[in-house]
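Asker: model.cif is reproduced in full below (mmCIF, C-alpha atoms; chains and numbers go by the auth columns).
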data_model
loop_
_atom_site.group_PDB
_atom_site.id
_atom_site.type_symbol
_atom_site.label_atom_id
_atom_site.label_comp_id
_atom_site.label_asym_id
_atom_site.label_seq_id
_atom_site.Cartn_x
_atom_site.Cartn_y
_atom_site.Cartn_z
_atom_site.B_iso_or_equiv
_atom_site.auth_seq_id
_atom_site.auth_asym_id
ATOM 1 C CA MET A 1 146.807 -187.254 28.857 0.00 1 A
ATOM 2 C CA THR A 2 144.554 -186.396 31.801 0.00 2 A
ATOM 3 C CA SER A 3 140.925 -187.414 32.256 0.00 3 A
ATOM 4 C CA GLN A 4 138.737 -185.215 34.376 0.00 4 A
ATOM 5 C CA ASN A 5 135.350 -185.608 36.033 0.00 5 A
ATOM 6 C CA ASN A 6 135.063 -183.167 38.938 0.00 6 A
ATOM 7 C CA LYS A 7 131.527 -184.163 39.889 0.00 7 A
ATOM 8 C CA ALA A 8 129.528 -187.293 39.155 0.00 8 A
ATOM 9 C CA SER A 9 126.972 -185.150 37.320 0.00 9 A
ATOM 10 C CA GLU A 10 129.606 -183.618 35.024 0.00 10 A
ATOM 11 C CA LEU A 11 130.893 -184.986 31.755 0.00 11 A
ATOM 12 C CA ILE A 12 134.272 -186.683 31.502 0.00 12 A
ATOM 13 C CA THR A 13 136.873 -184.776 29.460 0.00 13 A
ATOM 14 C CA ARG A 14 140.361 -185.700 28.211 0.00 14 A
ATOM 15 C CA THR A 15 143.159 -183.141 27.907 0.00 15 A
ATOM 16 C CA GLN A 16 146.698 -183.229 26.522 0.00 16 A
ATOM 17 C CA GLY A 17 149.296 -180.717 25.376 0.00 17 A
ATOM 18 C CA THR A 18 149.996 -177.141 26.465 0.00 18 A
ATOM 19 C CA GLY A 19 148.990 -173.755 25.127 0.00 19 A
ATOM 20 C CA LYS A 20 145.699 -172.153 24.164 0.00 20 A
ATOM 21 C CA ASP A 21 142.640 -174.312 24.862 0.00 21 A
ATOM 22 C CA LEU A 22 141.288 -176.143 21.828 0.00 22 A
ATOM 23 C CA VAL A 23 138.189 -178.320 22.428 0.00 23 A
ATOM 24 C CA PHE A 24 136.869 -181.009 20.055 0.00 24 A
ATOM 25 C CA LEU A 25 133.324 -182.410 19.754 0.00 25 A
ATOM 26 C CA HIS A 26 132.672 -185.495 17.595 0.00 26 A
ATOM 27 C CA GLY A 27 129.789 -186.444 15.293 0.00 27 A
ATOM 28 C CA TRP A 28 126.807 -188.819 15.400 0.00 28 A
ATOM 29 C CA GLY A 29 127.422 -192.423 16.436 0.00 29 A
ATOM 30 C CA MET A 30 131.095 -191.707 17.147 0.00 30 A
ATOM 31 C CA ASN A 31 133.224 -190.879 20.189 0.00 31 A
ATOM 32 C CA SER A 32 136.389 -188.898 20.830 0.00 32 A
ATOM 33 C CA GLY A 33 138.465 -191.849 19.624 0.00 33 A
ATOM 34 C CA VAL A 34 137.980 -190.491 16.081 0.00 34 A
ATOM 35 C CA PHE A 35 140.414 -187.685 16.964 0.00 35 A
ATOM 36 C CA ALA A 36 143.125 -189.999 18.365 0.00 36 A
ATOM 37 C CA GLU A 37 145.439 -189.734 15.343 0.00 37 A
ATOM 38 C CA PHE A 38 144.645 -186.078 14.640 0.00 38 A
ATOM 39 C CA VAL A 39 145.061 -184.463 18.068 0.00 39 A
ATOM 40 C CA PRO A 40 148.845 -185.121 18.332 0.00 40 A
ATOM 41 C CA LEU A 41 149.338 -182.823 15.311 0.00 41 A
ATOM 42 C CA LEU A 42 148.146 -179.917 17.476 0.00 42 A
ATOM 43 C CA THR A 43 149.358 -180.642 21.017 0.00 43 A
ATOM 44 C CA GLN A 44 152.730 -178.912 20.592 0.00 44 A
ATOM 45 C CA THR A 45 150.898 -175.617 20.119 0.00 45 A
ATOM 46 C CA PHE A 46 147.600 -176.112 21.944 0.00 46 A
ATOM 47 C CA ARG A 47 146.121 -177.686 25.053 0.00 47 A
ATOM 48 C CA VAL A 48 143.618 -180.013 23.401 0.00 48 A
ATOM 49 C CA THR A 49 140.520 -181.305 25.177 0.00 49 A
ATOM 50 C CA THR A 50 138.145 -183.890 23.718 0.00 50 A
ATOM 51 C CA ILE A 51 134.627 -184.287 25.102 0.00 51 A
ATOM 52 C CA ASP A 52 132.337 -187.195 24.261 0.00 52 A
ATOM 53 C CA LEU A 53 128.821 -185.978 23.547 0.00 53 A
ATOM 54 C CA PRO A 54 126.317 -186.999 26.251 0.00 54 A
ATOM 55 C CA GLY A 55 125.300 -190.623 25.674 0.00 55 A
ATOM 56 C CA PHE A 56 128.503 -191.478 23.774 0.00 56 A
ATOM 57 C CA GLY A 57 131.951 -192.841 24.626 0.00 57 A
ATOM 58 C CA GLU A 58 133.037 -192.159 28.190 0.00 58 A
ATOM 59 C CA ASN A 59 129.854 -190.137 28.701 0.00 59 A
ATOM 60 C CA HIS A 60 127.503 -192.941 27.607 0.00 60 A
ATOM 61 C CA LEU A 61 125.726 -192.812 30.988 0.00 61 A
ATOM 62 C CA HIS A 62 125.045 -189.056 30.756 0.00 62 A
ATOM 63 C CA VAL A 63 121.880 -189.069 28.649 0.00 63 A
ATOM 64 C CA PRO A 64 119.695 -185.972 29.153 0.00 64 A
ATOM 65 C CA GLY A 65 115.930 -186.524 29.457 0.00 65 A
ATOM 66 C CA ALA A 66 115.217 -184.238 26.512 0.00 66 A
ATOM 67 C CA TYR A 67 117.882 -184.894 23.872 0.00 67 A
ATOM 68 C CA THR A 68 118.227 -181.599 22.006 0.00 68 A
ATOM 69 C CA VAL A 69 121.117 -179.457 20.825 0.00 69 A
ATOM 70 C CA ALA A 70 120.225 -177.033 23.635 0.00 70 A
ATOM 71 C CA THR A 71 120.410 -179.682 26.401 0.00 71 A
ATOM 72 C CA LEU A 72 123.659 -181.107 24.998 0.00 72 A
ATOM 73 C CA ALA A 73 125.188 -177.633 24.882 0.00 73 A
ATOM 74 C CA ALA A 74 124.071 -176.909 28.456 0.00 74 A
ATOM 75 C CA LYS A 75 125.823 -180.055 29.732 0.00 75 A
ATOM 76 C CA ILE A 76 129.008 -179.404 27.768 0.00 76 A
ATOM 77 C CA GLU A 77 129.161 -175.731 28.784 0.00 77 A
ATOM 78 C CA LYS A 78 129.792 -176.795 32.400 0.00 78 A
ATOM 79 C CA VAL A 79 133.095 -178.467 31.485 0.00 79 A
ATOM 80 C CA LEU A 80 134.331 -176.055 28.805 0.00 80 A
ATOM 81 C CA PRO A 81 137.510 -174.128 29.655 0.00 81 A
ATOM 82 C CA ASP A 82 137.237 -170.339 29.527 0.00 82 A
ATOM 83 C CA ASN A 83 138.299 -168.522 26.357 0.00 83 A
ATOM 84 C CA CYS A 84 138.604 -171.718 24.346 0.00 84 A
ATOM 85 C CA VAL A 85 138.519 -172.383 20.634 0.00 85 A
ATOM 86 C CA LEU A 86 135.684 -174.841 20.049 0.00 86 A
ATOM 87 C CA VAL A 87 135.917 -177.305 17.146 0.00 87 A
ATOM 88 C CA GLY A 88 132.799 -179.282 16.226 0.00 88 A
ATOM 89 C CA TRP A 89 132.704 -182.018 13.607 0.00 89 A
ATOM 90 C CA SER A 90 129.398 -182.906 11.904 0.00 90 A
ATOM 91 C CA LEU A 91 126.692 -183.168 14.614 0.00 91 A
ATOM 92 C CA GLY A 92 129.311 -181.851 17.056 0.00 92 A
ATOM 93 C CA GLY A 93 129.439 -178.732 14.903 0.00 93 A
ATOM 94 C CA LEU A 94 125.731 -178.163 15.455 0.00 94 A
ATOM 95 C CA VAL A 95 126.329 -178.332 19.230 0.00 95 A
ATOM 96 C CA ALA A 96 129.415 -176.105 18.916 0.00 96 A
ATOM 97 C CA GLN A 97 127.392 -173.417 17.119 0.00 97 A
ATOM 98 C CA GLN A 98 124.792 -173.533 19.884 0.00 98 A
ATOM 99 C CA LEU A 99 127.561 -173.162 22.487 0.00 99 A
ATOM 100 C CA ALA A 100 128.997 -170.157 20.647 0.00 100 A
ATOM 101 C CA LEU A 101 125.558 -168.549 20.945 0.00 101 A
ATOM 102 C CA ILE A 102 124.862 -169.336 24.619 0.00 102 A
ATOM 103 C CA ALA A 103 128.390 -169.176 26.086 0.00 103 A
ATOM 104 C CA PRO A 104 130.343 -166.384 24.363 0.00 104 A
ATOM 105 C CA GLN A 105 132.344 -165.931 27.576 0.00 105 A
ATOM 106 C CA LYS A 106 133.737 -169.443 27.117 0.00 106 A
ATOM 107 C CA VAL A 107 133.858 -169.817 23.340 0.00 107 A
ATOM 108 C CA GLN A 108 136.331 -167.283 22.009 0.00 108 A
ATOM 109 C CA LYS A 109 136.526 -168.696 18.479 0.00 109 A
ATOM 110 C CA LEU A 110 134.554 -171.334 16.598 0.00 110 A
ATOM 111 C CA ILE A 111 135.616 -173.936 14.034 0.00 111 A
ATOM 112 C CA THR A 112 133.164 -176.289 12.356 0.00 112 A
ATOM 113 C CA VAL A 113 134.298 -179.295 10.312 0.00 113 A
ATOM 114 C CA ALA A 114 131.899 -180.808 7.758 0.00 114 A
ATOM 115 C CA SER A 115 128.992 -179.231 9.603 0.00 115 A
ATOM 116 C CA THR A 116 125.997 -177.056 8.852 0.00 116 A
ATOM 117 C CA ALA A 117 123.072 -175.239 10.463 0.00 117 A
ATOM 118 C CA ARG A 118 120.557 -177.871 9.330 0.00 118 A
ATOM 119 C CA PHE A 119 121.487 -181.361 8.154 0.00 119 A
ATOM 120 C CA ILE A 120 118.295 -182.555 6.483 0.00 120 A
ATOM 121 C CA ALA A 121 117.534 -181.349 2.958 0.00 121 A
ATOM 122 C CA GLY A 122 114.475 -179.190 2.416 0.00 122 A
ATOM 123 C CA PRO A 123 113.097 -176.571 0.020 0.00 123 A
ATOM 124 C CA GLY A 124 116.028 -174.408 -1.049 0.00 124 A
ATOM 125 C CA TRP A 125 118.383 -176.127 1.374 0.00 125 A
ATOM 126 C CA PRO A 126 120.851 -178.870 0.311 0.00 126 A
ATOM 127 C CA GLY A 127 121.493 -181.638 2.840 0.00 127 A
ATOM 128 C CA ILE A 128 120.865 -185.271 3.671 0.00 128 A
ATOM 129 C CA ALA A 129 117.894 -186.816 1.850 0.00 129 A
ATOM 130 C CA PRO A 130 115.005 -187.296 4.326 0.00 130 A
ATOM 131 C CA ALA A 131 114.470 -190.856 3.036 0.00 131 A
ATOM 132 C CA LEU A 132 118.069 -191.763 3.926 0.00 132 A
ATOM 133 C CA LEU A 133 117.669 -190.528 7.504 0.00 133 A
ATOM 134 C CA LYS A 134 114.373 -192.402 7.812 0.00 134 A
ATOM 135 C CA GLN A 135 116.119 -195.572 6.657 0.00 135 A
ATOM 136 C CA PHE A 136 118.858 -195.085 9.236 0.00 136 A
ATOM 137 C CA GLU A 137 116.260 -194.607 11.986 0.00 137 A
ATOM 138 C CA HIS A 138 114.550 -197.838 10.922 0.00 138 A
ATOM 139 C CA ASP A 139 117.801 -199.821 10.647 0.00 139 A
ATOM 140 C CA LEU A 140 119.057 -198.554 14.002 0.00 140 A
ATOM 141 C CA VAL A 141 116.291 -200.438 15.790 0.00 141 A
ATOM 142 C CA THR A 142 117.293 -203.790 14.299 0.00 142 A
ATOM 143 C CA ASP A 143 121.093 -203.642 14.014 0.00 143 A
ATOM 144 C CA TYR A 144 122.881 -200.570 15.314 0.00 144 A
ATOM 145 C CA LYS A 145 126.415 -201.853 14.519 0.00 145 A
ATOM 146 C CA LYS A 146 125.572 -202.448 10.873 0.00 146 A
ATOM 147 C CA THR A 147 123.850 -199.048 10.750 0.00 147 A
ATOM 148 C CA LEU A 148 126.965 -197.351 12.135 0.00 148 A
ATOM 149 C CA GLU A 149 129.149 -199.145 9.592 0.00 149 A
ATOM 150 C CA ARG A 150 126.916 -197.995 6.756 0.00 150 A
ATOM 151 C CA PHE A 151 126.997 -194.440 8.099 0.00 151 A
ATOM 152 C CA LEU A 152 130.802 -194.612 8.253 0.00 152 A
ATOM 153 C CA ALA A 153 130.929 -195.783 4.642 0.00 153 A
ATOM 154 C CA ILE A 154 128.796 -192.818 3.533 0.00 154 A
ATOM 155 C CA GLN A 155 131.028 -190.413 5.460 0.00 155 A
ATOM 156 C CA ALA A 156 134.170 -191.646 3.715 0.00 156 A
ATOM 157 C CA MET A 157 132.566 -191.992 0.269 0.00 157 A
ATOM 158 C CA GLY A 158 134.494 -190.190 -2.445 0.00 158 A
ATOM 159 C CA SER A 159 137.749 -189.936 -0.514 0.00 159 A
ATOM 160 C CA ASP A 160 140.788 -191.526 -2.198 0.00 160 A
ATOM 161 C CA THR A 161 141.567 -193.193 1.130 0.00 161 A
ATOM 162 C CA ALA A 162 137.992 -194.247 1.991 0.00 162 A
ATOM 163 C CA ARG A 163 138.819 -197.818 2.972 0.00 163 A
ATOM 164 C CA GLN A 164 141.723 -196.770 5.213 0.00 164 A
ATOM 165 C CA ASP A 165 139.642 -193.929 6.665 0.00 165 A
ATOM 166 C CA ILE A 166 136.863 -196.308 7.746 0.00 166 A
ATOM 167 C CA LYS A 167 139.358 -198.777 9.209 0.00 167 A
ATOM 168 C CA LEU A 168 141.107 -196.018 11.169 0.00 168 A
ATOM 169 C CA ILE A 169 137.876 -194.572 12.564 0.00 169 A
ATOM 170 C CA LYS A 170 136.614 -198.006 13.647 0.00 170 A
ATOM 171 C CA SER A 171 139.859 -198.987 15.390 0.00 171 A
ATOM 172 C CA SER A 172 140.192 -195.597 17.132 0.00 172 A
ATOM 173 C CA MET A 173 136.607 -195.727 18.409 0.00 173 A
ATOM 174 C CA ALA A 174 136.921 -199.301 19.678 0.00 174 A
ATOM 175 C CA THR A 175 138.873 -198.219 22.783 0.00 175 A
ATOM 176 C CA TYR A 176 135.829 -196.330 24.123 0.00 176 A
ATOM 177 C CA PRO A 177 132.571 -197.690 25.634 0.00 177 A
ATOM 178 C CA ASN A 178 129.629 -198.362 23.315 0.00 178 A
ATOM 179 C CA PRO A 179 127.087 -195.547 23.028 0.00 179 A
ATOM 180 C CA SER A 180 123.742 -195.514 24.783 0.00 180 A
ATOM 181 C CA GLN A 181 121.057 -196.962 22.486 0.00 181 A
ATOM 182 C CA ALA A 182 118.695 -194.164 23.487 0.00 182 A
ATOM 183 C CA ALA A 183 121.301 -191.502 22.702 0.00 183 A
ATOM 184 C CA LEU A 184 122.018 -193.077 19.307 0.00 184 A
ATOM 185 C CA ALA A 185 118.354 -192.860 18.327 0.00 185 A
ATOM 186 C CA ASP A 186 117.788 -189.418 19.842 0.00 186 A
ATOM 187 C CA ALA A 187 120.956 -187.958 18.307 0.00 187 A
ATOM 188 C CA LEU A 188 120.002 -189.340 14.891 0.00 188 A
ATOM 189 C CA ALA A 189 116.637 -187.625 15.239 0.00 189 A
ATOM 190 C CA LEU A 190 118.488 -184.316 15.782 0.00 190 A
ATOM 191 C CA LEU A 191 119.868 -184.561 12.255 0.00 191 A
ATOM 192 C CA SER A 192 116.255 -184.480 11.023 0.00 192 A
ATOM 193 C CA THR A 193 114.813 -181.908 13.417 0.00 193 A
ATOM 194 C CA GLU A 194 117.361 -179.329 14.560 0.00 194 A
ATOM 195 C CA ASP A 195 117.547 -176.105 12.579 0.00 195 A
ATOM 196 C CA LEU A 196 119.912 -173.292 13.579 0.00 196 A
ATOM 197 C CA ARG A 197 119.621 -171.334 10.343 0.00 197 A
ATOM 198 C CA SER A 198 117.919 -168.353 11.959 0.00 198 A
ATOM 199 C CA ASP A 199 120.359 -168.433 14.895 0.00 199 A
ATOM 200 C CA ILE A 200 123.795 -168.583 13.281 0.00 200 A
ATOM 201 C CA THR A 201 123.364 -165.018 12.035 0.00 201 A
ATOM 202 C CA GLN A 202 123.905 -164.072 15.712 0.00 202 A
ATOM 203 C CA ILE A 203 127.291 -165.813 16.094 0.00 203 A
ATOM 204 C CA LYS A 204 129.777 -163.031 16.841 0.00 204 A
ATOM 205 C CA GLN A 205 132.956 -165.062 17.360 0.00 205 A
ATOM 206 C CA PRO A 206 135.561 -165.352 14.579 0.00 206 A
ATOM 207 C CA THR A 207 134.548 -168.571 12.795 0.00 207 A
ATOM 208 C CA LEU A 208 136.261 -170.967 10.422 0.00 208 A
ATOM 209 C CA ARG A 209 134.181 -173.493 8.490 0.00 209 A
ATOM 210 C CA ILE A 210 136.077 -176.427 6.960 0.00 210 A
ATOM 211 C CA PHE A 211 134.327 -178.458 4.258 0.00 211 A
ATOM 212 C CA GLY A 212 135.153 -181.427 2.022 0.00 212 A
ATOM 213 C CA ARG A 213 134.214 -181.003 -1.625 0.00 213 A
ATOM 214 C CA LEU A 214 133.279 -184.707 -1.867 0.00 214 A
ATOM 215 C CA ASP A 215 131.081 -184.703 1.254 0.00 215 A
ATOM 216 C CA SER A 216 127.654 -186.266 0.582 0.00 216 A
ATOM 217 C CA LEU A 217 126.215 -185.376 4.025 0.00 217 A
ATOM 218 C CA VAL A 218 127.081 -181.661 3.879 0.00 218 A
ATOM 219 C CA PRO A 219 127.172 -181.236 0.081 0.00 219 A
ATOM 220 C CA VAL A 220 129.273 -178.562 -1.561 0.00 220 A
ATOM 221 C CA SER A 221 126.042 -176.891 -2.752 0.00 221 A
ATOM 222 C CA ALA A 222 125.264 -176.115 0.920 0.00 222 A
ATOM 223 C CA ILE A 223 128.402 -174.033 1.467 0.00 223 A
ATOM 224 C CA ASP A 224 127.187 -170.798 -0.125 0.00 224 A
ATOM 225 C CA PRO A 225 123.815 -170.861 1.704 0.00 225 A
ATOM 226 C CA ILE A 226 125.620 -171.446 5.036 0.00 226 A
ATOM 227 C CA CYS A 227 128.059 -168.597 4.394 0.00 227 A
ATOM 228 C CA GLU A 228 125.216 -166.294 3.330 0.00 228 A
ATOM 229 C CA LEU A 229 123.571 -166.877 6.714 0.00 229 A
ATOM 230 C CA HIS A 230 126.894 -166.342 8.502 0.00 230 A
ATOM 231 C CA PRO A 231 128.744 -163.834 6.303 0.00 231 A
ATOM 232 C CA GLY A 232 131.420 -163.137 8.912 0.00 232 A
ATOM 233 C CA CYS A 233 132.832 -166.656 8.730 0.00 233 A
ATOM 234 C CA ASP A 234 135.876 -167.875 6.835 0.00 234 A
ATOM 235 C CA ALA A 235 135.406 -171.029 4.753 0.00 235 A
ATOM 236 C CA ILE A 236 137.916 -173.544 3.427 0.00 236 A
ATOM 237 C CA VAL A 237 136.996 -176.358 1.032 0.00 237 A
ATOM 238 C CA LEU A 238 139.417 -179.294 0.818 0.00 238 A
ATOM 239 C CA SER A 239 139.057 -180.475 -2.776 0.00 239 A
ATOM 240 C CA LYS A 240 139.700 -184.201 -2.250 0.00 240 A
ATOM 241 C CA ALA A 241 138.158 -184.604 1.213 0.00 241 A
ATOM 242 C CA SER A 242 134.794 -186.062 2.148 0.00 242 A
ATOM 243 C CA HIS A 243 132.964 -185.874 5.507 0.00 243 A
ATOM 244 C CA ALA A 244 136.010 -186.578 7.725 0.00 244 A
ATOM 245 C CA PRO A 245 138.812 -184.320 6.422 0.00 245 A
ATOM 246 C CA PHE A 246 140.789 -184.627 9.671 0.00 246 A
ATOM 247 C CA ILE A 247 141.062 -188.370 8.942 0.00 247 A
ATOM 248 C CA SER A 248 141.700 -188.288 5.169 0.00 248 A
ATOM 249 C CA HIS A 249 143.705 -185.026 5.136 0.00 249 A
ATOM 250 C CA PRO A 250 144.958 -184.542 8.716 0.00 250 A
ATOM 251 C CA HIS A 251 147.902 -182.243 7.918 0.00 251 A
ATOM 252 C CA LYS A 252 145.869 -179.944 5.671 0.00 252 A
ATOM 253 C CA THR A 253 143.129 -179.753 8.309 0.00 253 A
ATOM 254 C CA ALA A 254 145.634 -179.051 11.097 0.00 254 A
ATOM 255 C CA ASP A 255 147.334 -176.397 8.949 0.00 255 A
ATOM 256 C CA ALA A 256 143.965 -174.712 8.311 0.00 256 A
ATOM 257 C CA ILE A 257 143.269 -174.613 12.062 0.00 257 A
ATOM 258 C CA ARG A 258 146.735 -173.282 12.911 0.00 258 A
ATOM 259 C CA GLN A 259 146.555 -170.623 10.195 0.00 259 A
ATOM 260 C CA PHE A 260 143.133 -169.453 11.378 0.00 260 A
ATOM 261 C CA LEU A 261 144.334 -169.219 14.988 0.00 261 A
ATOM 262 C CA SER A 262 147.590 -167.447 14.198 0.00 262 A
#
Could you render the structure as structure tokens?

Answerer:
Amino acid sequence: MTSQNNKASELITRTQGTGKDLVFLHGWGMNSGVFAEFVPLLTQTFRVTTIDLPGFGENHLHVPGAYTVATLAAKIEKVLPDNCVLVGWSLGGLVAQQLALIAPQKVQKLITVASTARFIAGPGWPGIAPALLKQFEHDLVTDYKKTLERFLAIQAMGSDTARQDIKLIKSSMATYPNPSQAALADALALLSTEDLRSDITQIKQPTLRIFGRLDSLVPVSAIDPICELHPGCDAIVLSKASHAPFISHPHKTADAIRQFLS
């Protein structure tokens, strides 16, 4: 595995394997460690790069002044390989969709995993209950580790392997630096404020959207509205998966990615 940081102002990336470029972006409160067990399933066919979102993991010192999906995408665009397939999980999927819109010369194909165009629920739009996000914002101020653990528990909820999933995510993430407190709060706010619903209609790249039927953060009732906004996308629903299908069902998720890219 090679780590790369060409300039002090650029994000650190990690790359392994050979083949077509496949780039992974993680979700809120996490780091690229969440992909540690999953990436080796793909490195025989692809050159896989993981990038910690600004403010997280190895990029915990790279916190933009204005923390928005647009500023995150602008920072990540600088280190994206050309003609890559971009895979975004959860919040990372929101950033990946933005990158597909602003950098079509770099993002050849798009894959989102347990992601959406708007995370918070609203009139006619299924999502995370506003009261739950408010509670997370409140709890984050007093005890961020406990808040992260609770968020992890919600992500795995419903999966047959929930307990193992949480344990695996926590141990994989532990090898990376702690996130910036400011980035944690600002990134959580994105889940309440960012709305790409009117933008994803403009995504031209071939797109695969992978969902878990048991996901409580991107509920199954949100899948049809997302696909209506982006009718050109392909969608796969893993019947026994929750919010982290690449952890609970790694082989099925890897197979879905390989099939889409073949």

Asker: Suppose you want the space between CA of Ser159 in chain A and CA of Ala244 in chain A; what is it in Å?

Answerer: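 CA of Ala244 in chain A lies at a distance of 9.1 Å from CA of Ser159 in chain A.
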
Asker: Need the shell around Ile169 in chain A: protein/DNA/RNA residues with any atom at most 8 Å away, counting only C-alpha atoms. Skip same-chain ones fewer than 5 positions apart. Format as a PDB file with C-alpha atoms, keeping the file's coordinate frame?

Answerer:
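selection19.pdb was written with the following content:
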ATOM      1  CA  GLY A  33     138.465-191.849  19.624  1.00  0.00           C
ATOM      2  CA  VAL A  34     137.980-190.491  16.081  1.00  0.00           C
ATOM      3  CA  ILE A 247     141.062-188.370   8.942  1.00  0.00           C
TER       4      ILE A 247
END

Asker: May I have the residues within 8 Å of range 208-210 of chain A as a PDB file with C-alpha atoms, in the coordinates of the input, using all atoms listed in the file and disregarding those fewer than 2 positions away in the same chain?

Answerer:
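Final output, saved to part_0.pdb:
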ATOM      1  CA  LEU A 110     134.554-171.334  16.598  1.00  0.00           C
ATOM      2  CA  ILE A 111     135.616-173.936  14.034  1.00  0.00           C
ATOM      3  CA  THR A 112     133.164-176.289  12.356  1.00  0.00           C
ATOM      4  CA  VAL A 113     134.298-179.295  10.312  1.00  0.00           C
ATOM      5  CA  ALA A 114     131.899-180.808   7.758  1.00  0.00           C
ATOM      6  CA  SER A 115     128.992-179.231   9.603  1.00  0.00           C
ATOM      7  CA  PRO A 206     135.561-165.352  14.579  1.00  0.00           C
ATOM      8  CA  GLY A 212     135.153-181.427   2.022  1.00  0.00           C
ATOM      9  CA  CYS A 233     132.832-166.656   8.730  1.00  0.00           C
ATOM     10  CA  ASP A 234     135.876-167.875   6.835  1.00  0.00           C
ATOM     11  CA  ALA A 235     135.406-171.029   4.753  1.00  0.00           C
ATOM     12  CA  ILE A 236     137.916-173.544   3.427  1.00  0.00           C
ATOM     13  CA  VAL A 237     136.996-176.358   1.032  1.00  0.00           C
ATOM     14  CA  LEU A 238     139.417-179.294   0.818  1.00  0.00           C
ATOM     15  CA  THR A 253     143.129-179.753   8.309  1.00  0.00           C
ATOM     16  CA  PHE A 260     143.133-169.453  11.378  1.00  0.00           C
TER      17      PHE A 260
END

Asker: Please evaluate the PyMOL selection byres ((chain A and resi 84-97) around 8) against the structure above and give the resulting residues as a ChimeraX atom specification.

Answerer: /A:20-28,53,69-70,72-73,80-83,98-101,106-117,191,196,200,203,243

Asker: CA of Val79 in chain A and CA of Val48 in chain A are how many Å apart?

Answerer: 13.4 Å

Asker: Just the number, please: distance in Å from CA of Ser216 in chain A to CA of Leu261 in chain A, one decimal.

Answerer: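 Straight-line distance from CA of Ser216 in chain A to CA of Leu261 in chain A works out to 27.9 Å.
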
Asker: Please determine, counting all atoms listed in the file, which residue among A:Lys167, A:Glu137, A:Ala187, A:Leu217 has the shortest atom-to-atom distance to Glu149 in chain A.

Answerer: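 The shortest atom-to-atom distance to Glu149 in chain A comes from A:Lys167.
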
Asker: To verify the selection step, state as an MDAnalysis selection string which residues the PyMOL selection byres ((chain A and resi 151) around 12) yields on this input.

Answerer: chainID A and resid 27:30 128 132:133 135:137 139:140 144:150 152:157 166 169:170 188 216:217 243:244

Asker: So that I can see what lies close to Ala254 in chain A, please list as number ranges by chain the residues with an atom at most 9 Å from it, counting only C-alpha atoms and leaving out residues fewer than 6 positions away in the same chain.

Answerer: A: 38-39, 41-42, 246

Asker: A:Ile102, A:Ala131, A:Ala256, A:Leu168: which is nearest Asp199 in chain A, counting all atoms listed in the file?

Answerer: A:Ile102

Asker: If I put a ball of radius 12 Å at (117.2, -184.1, 3.6) in the file's coordinates, which residues poke into it when counting all atoms listed in the file, written as a list of chain:residue names?

Answerer: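 The requested residues, written out, are A:Arg118, A:Phe119, A:Ile120, A:Ala121, A:Gly122, A:Pro123, A:Gly124, A:Trp125, A:Pro126, A:Gly127, A:Ile128, A:Ala129, A:Pro130, A:Ala131, A:Leu132, A:Leu133, A:Lys134, A:Gln135, A:Leu191, A:Ser192, A:Thr193, A:Glu194, A:Ser216, A:Leu217, A:Val218, A:Pro219, A:Ala222.
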
Asker: Mind listing whatever residues come within 12 Å of the point (146.4, -189.7, 21.6)? Use all atoms listed in the file, file coordinates, and give them as a list in words.

Answerer: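 Using all atoms listed in the file, the matching residues come out as Met1, Thr2, Arg14, Thr15, Gln16, Gly17, Ser32, Gly33, Val34, Phe35, Ala36, Glu37, Phe38, Val39, Pro40, Leu41, Leu42, Thr43, Val48, Thr49, Thr50, Ser172, Met173 and Thr175 of chain A.
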
Asker: Just checking: using all atoms listed in the file, which residue out of A:Ser248, A:Gln259, A:Thr161, A:Asn59 ends up closest to Ser180 in chain A?

Answerer: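 Distance minimum relative to Ser180 in chain A lands on A:Asn59.
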
Asker: Report as a PDB file with C-alpha atoms, keeping the file's coordinate frame all protein, DNA and RNA residues lying within 9 Å of Pro177 in chain A, evaluated on all atoms listed in the file, omitting residues in the same chain fewer than 3 positions from it.

Answerer:
ATOM      1  CA  ASN A  31     133.224-190.879  20.189  1.00  0.00           C
ATOM      2  CA  PHE A  56     128.503-191.478  23.774  1.00  0.00           C
ATOM      3  CA  GLY A  57     131.951-192.841  24.626  1.00  0.00           C
ATOM      4  CA  GLU A  58     133.037-192.159  28.190  1.00  0.00           C
ATOM      5  CA  ASN A  59     129.854-190.137  28.701  1.00  0.00           C
ATOM      6  CA  HIS A  60     127.503-192.941  27.607  1.00  0.00           C
ATOM      7  CA  MET A 173     136.607-195.727  18.409  1.00  0.00           C
ATOM      8  CA  ALA A 174     136.921-199.301  19.678  1.00  0.00           C
TER       9      ALA A 174
END

Asker: Which is closer to His138 in chain A than all the others in A:Ala189, A:Leu61, A:Val220, A:Ser262, using all atoms listed in the file?

Answerer: A:Ala189

Asker: For Asp186 in chain A, which residue out of A:Asp215, A:Gly55, A:Arg47, A:Tyr67 is the nearest one, using only C-alpha atoms?

Answerer: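 Selected residue with least distance to Asp186 in chain A: A:Tyr67.
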